[in-house]
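Structure first, then comments.
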Amino acid sequence: MAARRPRVKAADVMSQLGGEYGPEEWVPRYNPAEELVYTILSQHTSDINSERAFLNLMSVFGTLESIADAPEDEIEVAIRSGGLSKQKSVRIKQVLNIVRDDVGSFDLSFLGEMPLDDAKAWLKDLPGVGPKTAAIILCFSLGMPAMPVDTHIYRVSQRLGLIGKKISADKAHDILEPMVEPEDVFAFHMYLIKHGRQVCKAQRPRCTECVLAWGCPSNGKITGTRKKRRPRRKSAAGRS
């Protein structure tokens, strides 16, 4: 009987992509309410455009309080560089006012004291906030072990066989997150994004350059060129 082919596991992602891309240090990007606004702006646009739109929005209005009180058309002008500015201006104003009404302020730091599932549920009660947005806010602003699944993570995880081909992006959050040690969630997220952008690309994946090709069921199936040799295992690198 032929030996069973090895398969990539989450631990391999941490050890080998960690060795490839180096340590990932978590540093809070924005506070949770600002991260909420930023994440709305990031929908259906590039990181460059969303960052530009967010910085301009804060430059124009100064505070979340001022944004919540501003007319939608003024918000729309301020975020125009982020695309879909009309729809996003409505959503930003709506969500900020709901947060202020419910909490009495824009301080969402209390989410960091809640159980992870409860914090996710609180955020997902807000209009337009799904699993990805909730996970981004909790992971990037509070350092909680929530796994955001973007297009790169979804694609690479499916190709590696970590999630099934029929699993939706929303469901992928619930499957990938428990695979990873809580202290490694941020680094795992960043490693798969980097790998998806640099090696496991959507149209022409570079399988011959991939350190995980030895256990990837998709190795060579898209380009017809596969890598056979298993590389020497590099030392693990995670969050520092």
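Starting from 1 in every chain, residues are counted up; chains themselves are A, B, ... following the order of the structure tokens, and ligands are numbered from 1 as listed.
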As a short mmCIF file (atom, residue, chain, number, x, y, z; two decimals) with C-alpha atoms, in the first residue's frame, please: the residues near Glu51 in chain A (cut-off 9 Å, only C-alpha atoms, same-chain neighbours under 3 positions excluded).
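Writing the result to part-v4.cif gives the following:
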data_model
loop_
_atom_site.label_atom_id
_atom_site.label_comp_id
_atom_site.auth_asym_id
_atom_site.auth_seq_id
_atom_site.Cartn_x
_atom_site.Cartn_y
_atom_site.Cartn_z
CA TYR A 38 -11.96 51.87 8.96
CA LEU A 41 -14.26 51.93 4.43
CA SER A 42 -12.12 48.91 3.49
CA SER A 46 -7.78 48.45 -1.75
CA ASP A 47 -5.89 48.98 1.51
CA ILE A 48 -4.34 52.12 0.05
CA PHE A 54 -10.02 57.04 6.74
CA LEU A 55 -7.18 59.48 7.33
CA ASN A 56 -8.98 62.17 5.34
CA GLY A 82 -12.36 54.92 -0.75
#
I'd like the neighbourhood of range 91-95 of chain A as a ChimeraX atom specification, where a residue qualifies if any of its atoms comes within 9 Å (using only C-alpha atoms), though same-chain residues fewer than 5 positions away should be ignored.
/A:36-37,40-41,67-72,75,86,100,126-128
Kindly assemble as JSON lines a list of the range 66-171 of chain A residues that lie within 8 Å of range 213-221 of chain A, each paired with its nearest atom pair and their distance in Å to one decimal, using only C-alpha atoms, sorted first by chain and then by ascending residue number.
{"residue": "A:Arg159", "atom": "CA", "partner": "A:Ser218", "partner_atom": "CA", "distance": 5.4}
{"residue": "A:Leu160", "atom": "CA", "partner": "A:Cys216", "partner_atom": "CA", "distance": 4.9}
{"residue": "A:Gly161", "atom": "CA", "partner": "A:Pro217", "partner_atom": "CA", "distance": 6.6}
Given only C-alpha atoms as the basis, pick out the residue of A:Val199, A:Met147, A:Ile167, A:Ala78 nearest to Glu183 in chain A.
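Looking at the shortest contact to Glu183 in chain A, the residue is A:Met147.
Note that CA of Pro148 in chain A and CA of Lys132 in chain A are 5.0 Å apart.
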Between CA of Ala134 in chain A and CA of Lys120 in chain A, what is the spacing in Å?
5.7 Å
Could you pull out the helix (DSSP H, G or I) residues of range 13-239 of chain A, going by DSSP on the backbone, and write them as an MDAnalysis selection string?
chainID A and resid 13:21 32:42 47:61 64:69 72:78 80:82 85:103 109:113 116:124 131:142 151:160 169:179 182:198 207:209 213:215
Could you write out that same residue set with C-alpha atoms as a short mmCIF file (atom, residue, chain, number, x, y, z; two decimals), in the first residue's frame?
data_model
loop_
_atom_site.label_atom_id
_atom_site.label_comp_id
_atom_site.auth_asym_id
_atom_site.auth_seq_id
_atom_site.Cartn_x
_atom_site.Cartn_y
_atom_site.Cartn_z
CA VAL A 13 1.84 27.28 8.46
CA MET A 14 3.19 28.77 11.67
CA SER A 15 6.58 27.07 11.53
CA GLN A 16 7.36 27.26 7.83
CA LEU A 17 5.70 30.52 6.85
CA GLY A 18 6.99 31.96 10.10
CA GLY A 19 10.48 30.98 9.01
CA GLU A 20 9.84 32.44 5.57
CA TYR A 21 8.34 35.79 6.54
CA PRO A 32 -12.19 49.58 18.32
CA ALA A 33 -14.68 52.25 17.19
CA GLU A 34 -12.16 53.74 14.77
CA GLU A 35 -11.38 50.24 13.52
CA LEU A 36 -15.10 49.76 12.91
CA VAL A 37 -15.20 52.85 10.69
CA TYR A 38 -11.96 51.87 8.96
CA THR A 39 -13.30 48.38 8.23
CA ILE A 40 -16.46 49.78 6.66
CA LEU A 41 -14.26 51.93 4.43
CA SER A 42 -12.12 48.91 3.49
CA ASP A 47 -5.89 48.98 1.51
CA ILE A 48 -4.34 52.12 0.05
CA ASN A 49 -7.71 53.65 -0.83
CA SER A 50 -9.34 52.76 2.48
CA GLU A 51 -6.41 54.12 4.48
CA ARG A 52 -6.49 57.35 2.50
CA ALA A 53 -10.24 57.70 3.00
CA PHE A 54 -10.02 57.04 6.74
CA LEU A 55 -7.18 59.48 7.33
CA ASN A 56 -8.98 62.17 5.34
CA LEU A 57 -12.22 61.52 7.24
CA MET A 58 -10.45 61.97 10.58
CA SER A 59 -8.58 65.01 9.28
CA VAL A 60 -11.81 66.70 8.19
CA PHE A 61 -13.91 65.91 11.27
CA LEU A 64 -15.99 60.18 15.86
CA GLU A 65 -18.49 62.41 17.64
CA SER A 66 -18.23 64.99 14.85
CA ILE A 67 -18.58 62.29 12.19
CA ALA A 68 -21.71 60.90 13.86
CA ASP A 69 -23.25 64.40 13.90
CA GLU A 72 -24.12 62.27 5.19
CA ASP A 73 -23.15 64.30 2.14
CA GLU A 74 -20.20 65.83 4.00
CA ILE A 75 -19.03 62.39 5.11
CA GLU A 76 -19.42 61.20 1.52
CA VAL A 77 -17.10 63.93 0.22
CA ALA A 78 -14.48 63.15 2.87
CA ARG A 80 -14.68 59.66 -1.74
CA SER A 81 -11.22 58.19 -2.34
CA GLY A 82 -12.36 54.92 -0.75
CA SER A 85 -18.74 56.70 -0.75
CA LYS A 86 -22.49 57.27 -0.84
CA GLN A 87 -23.34 53.85 0.63
CA LYS A 88 -20.46 53.92 3.10
CA SER A 89 -21.29 57.41 4.38
CA VAL A 90 -24.79 56.25 5.26
CA ARG A 91 -23.51 53.12 7.00
CA ILE A 92 -20.79 54.94 8.96
CA LYS A 93 -23.19 57.54 10.32
CA GLN A 94 -25.80 54.88 11.11
CA VAL A 95 -23.39 52.59 12.97
CA LEU A 96 -21.73 55.38 14.94
CA ASN A 97 -25.07 56.66 16.14
CA ILE A 98 -26.18 53.16 17.17
CA VAL A 99 -22.95 52.69 19.14
CA ARG A 100 -23.36 56.05 20.86
CA ASP A 101 -27.00 55.35 21.71
CA ASP A 102 -26.23 51.88 23.07
CA VAL A 103 -22.97 52.58 24.91
CA SER A 109 -12.79 48.74 25.00
CA PHE A 110 -15.26 46.74 27.12
CA LEU A 111 -15.35 44.21 24.28
CA GLY A 112 -11.86 43.13 25.30
CA GLU A 113 -13.21 41.98 28.67
CA LEU A 116 -14.69 36.09 22.44
CA ASP A 117 -17.99 34.71 21.16
CA ASP A 118 -19.95 37.33 23.12
CA ALA A 119 -17.80 40.15 21.75
CA LYS A 120 -18.34 38.86 18.21
CA ALA A 121 -22.09 38.63 18.77
CA TRP A 122 -22.24 42.19 20.09
CA LEU A 123 -20.50 43.53 17.00
CA LYS A 124 -22.50 41.39 14.58
CA PRO A 131 -17.89 37.63 10.83
CA LYS A 132 -14.97 39.24 8.97
CA THR A 133 -15.58 42.80 10.19
CA ALA A 134 -16.14 41.63 13.77
CA ALA A 135 -12.95 39.56 13.71
CA ILE A 136 -10.90 42.43 12.27
CA ILE A 137 -12.03 44.80 15.02
CA LEU A 138 -11.33 42.32 17.81
CA CYS A 139 -8.02 41.11 16.40
CA PHE A 140 -6.48 44.36 15.19
CA SER A 141 -7.69 46.81 17.84
CA LEU A 142 -7.88 44.59 20.94
CA THR A 151 -9.89 36.72 0.13
CA HIS A 152 -6.23 35.63 0.42
CA ILE A 153 -6.74 33.57 3.57
CA TYR A 154 -9.85 31.95 2.11
CA ARG A 155 -8.10 31.01 -1.14
CA VAL A 156 -4.86 29.77 0.43
CA SER A 157 -6.69 27.80 3.13
CA GLN A 158 -8.79 26.02 0.53
CA ARG A 159 -5.78 25.21 -1.64
CA LEU A 160 -3.88 23.85 1.35
CA ALA A 169 -15.98 32.46 3.62
CA ASP A 170 -18.22 33.19 6.62
CA LYS A 171 -18.07 29.58 7.82
CA ALA A 172 -14.29 29.51 7.31
CA HIS A 173 -13.91 31.83 10.30
CA ASP A 174 -15.38 29.20 12.60
CA ILE A 175 -13.23 26.40 11.15
CA LEU A 176 -9.84 28.10 10.95
CA GLU A 177 -9.90 29.89 14.29
CA PRO A 178 -9.91 26.74 16.51
CA MET A 179 -7.06 25.23 14.45
CA PRO A 182 -4.87 31.73 20.50
CA GLU A 183 -1.49 33.43 20.79
CA ASP A 184 -0.75 32.61 17.13
CA VAL A 185 -3.99 33.82 15.51
CA PHE A 186 -2.68 37.26 14.49
CA ALA A 187 0.57 35.85 13.05
CA PHE A 188 -1.28 33.04 11.23
CA HIS A 189 -3.59 35.63 9.68
CA MET A 190 -0.68 37.78 8.52
CA TYR A 191 1.34 34.83 7.18
CA LEU A 192 -1.49 33.59 4.97
CA ILE A 193 -2.13 37.09 3.63
CA LYS A 194 1.55 37.53 2.75
CA HIS A 195 1.71 34.08 1.22
CA GLY A 196 -1.43 34.74 -0.82
CA ARG A 197 -0.05 38.01 -2.15
CA GLN A 198 3.49 36.85 -2.85
CA CYS A 207 4.04 26.40 -6.49
CA THR A 208 7.73 25.84 -7.22
CA GLU A 209 8.57 28.61 -4.73
CA ALA A 213 4.08 22.61 -1.54
CA TRP A 214 5.21 19.26 -0.05
CA GLY A 215 1.82 18.85 1.64
#
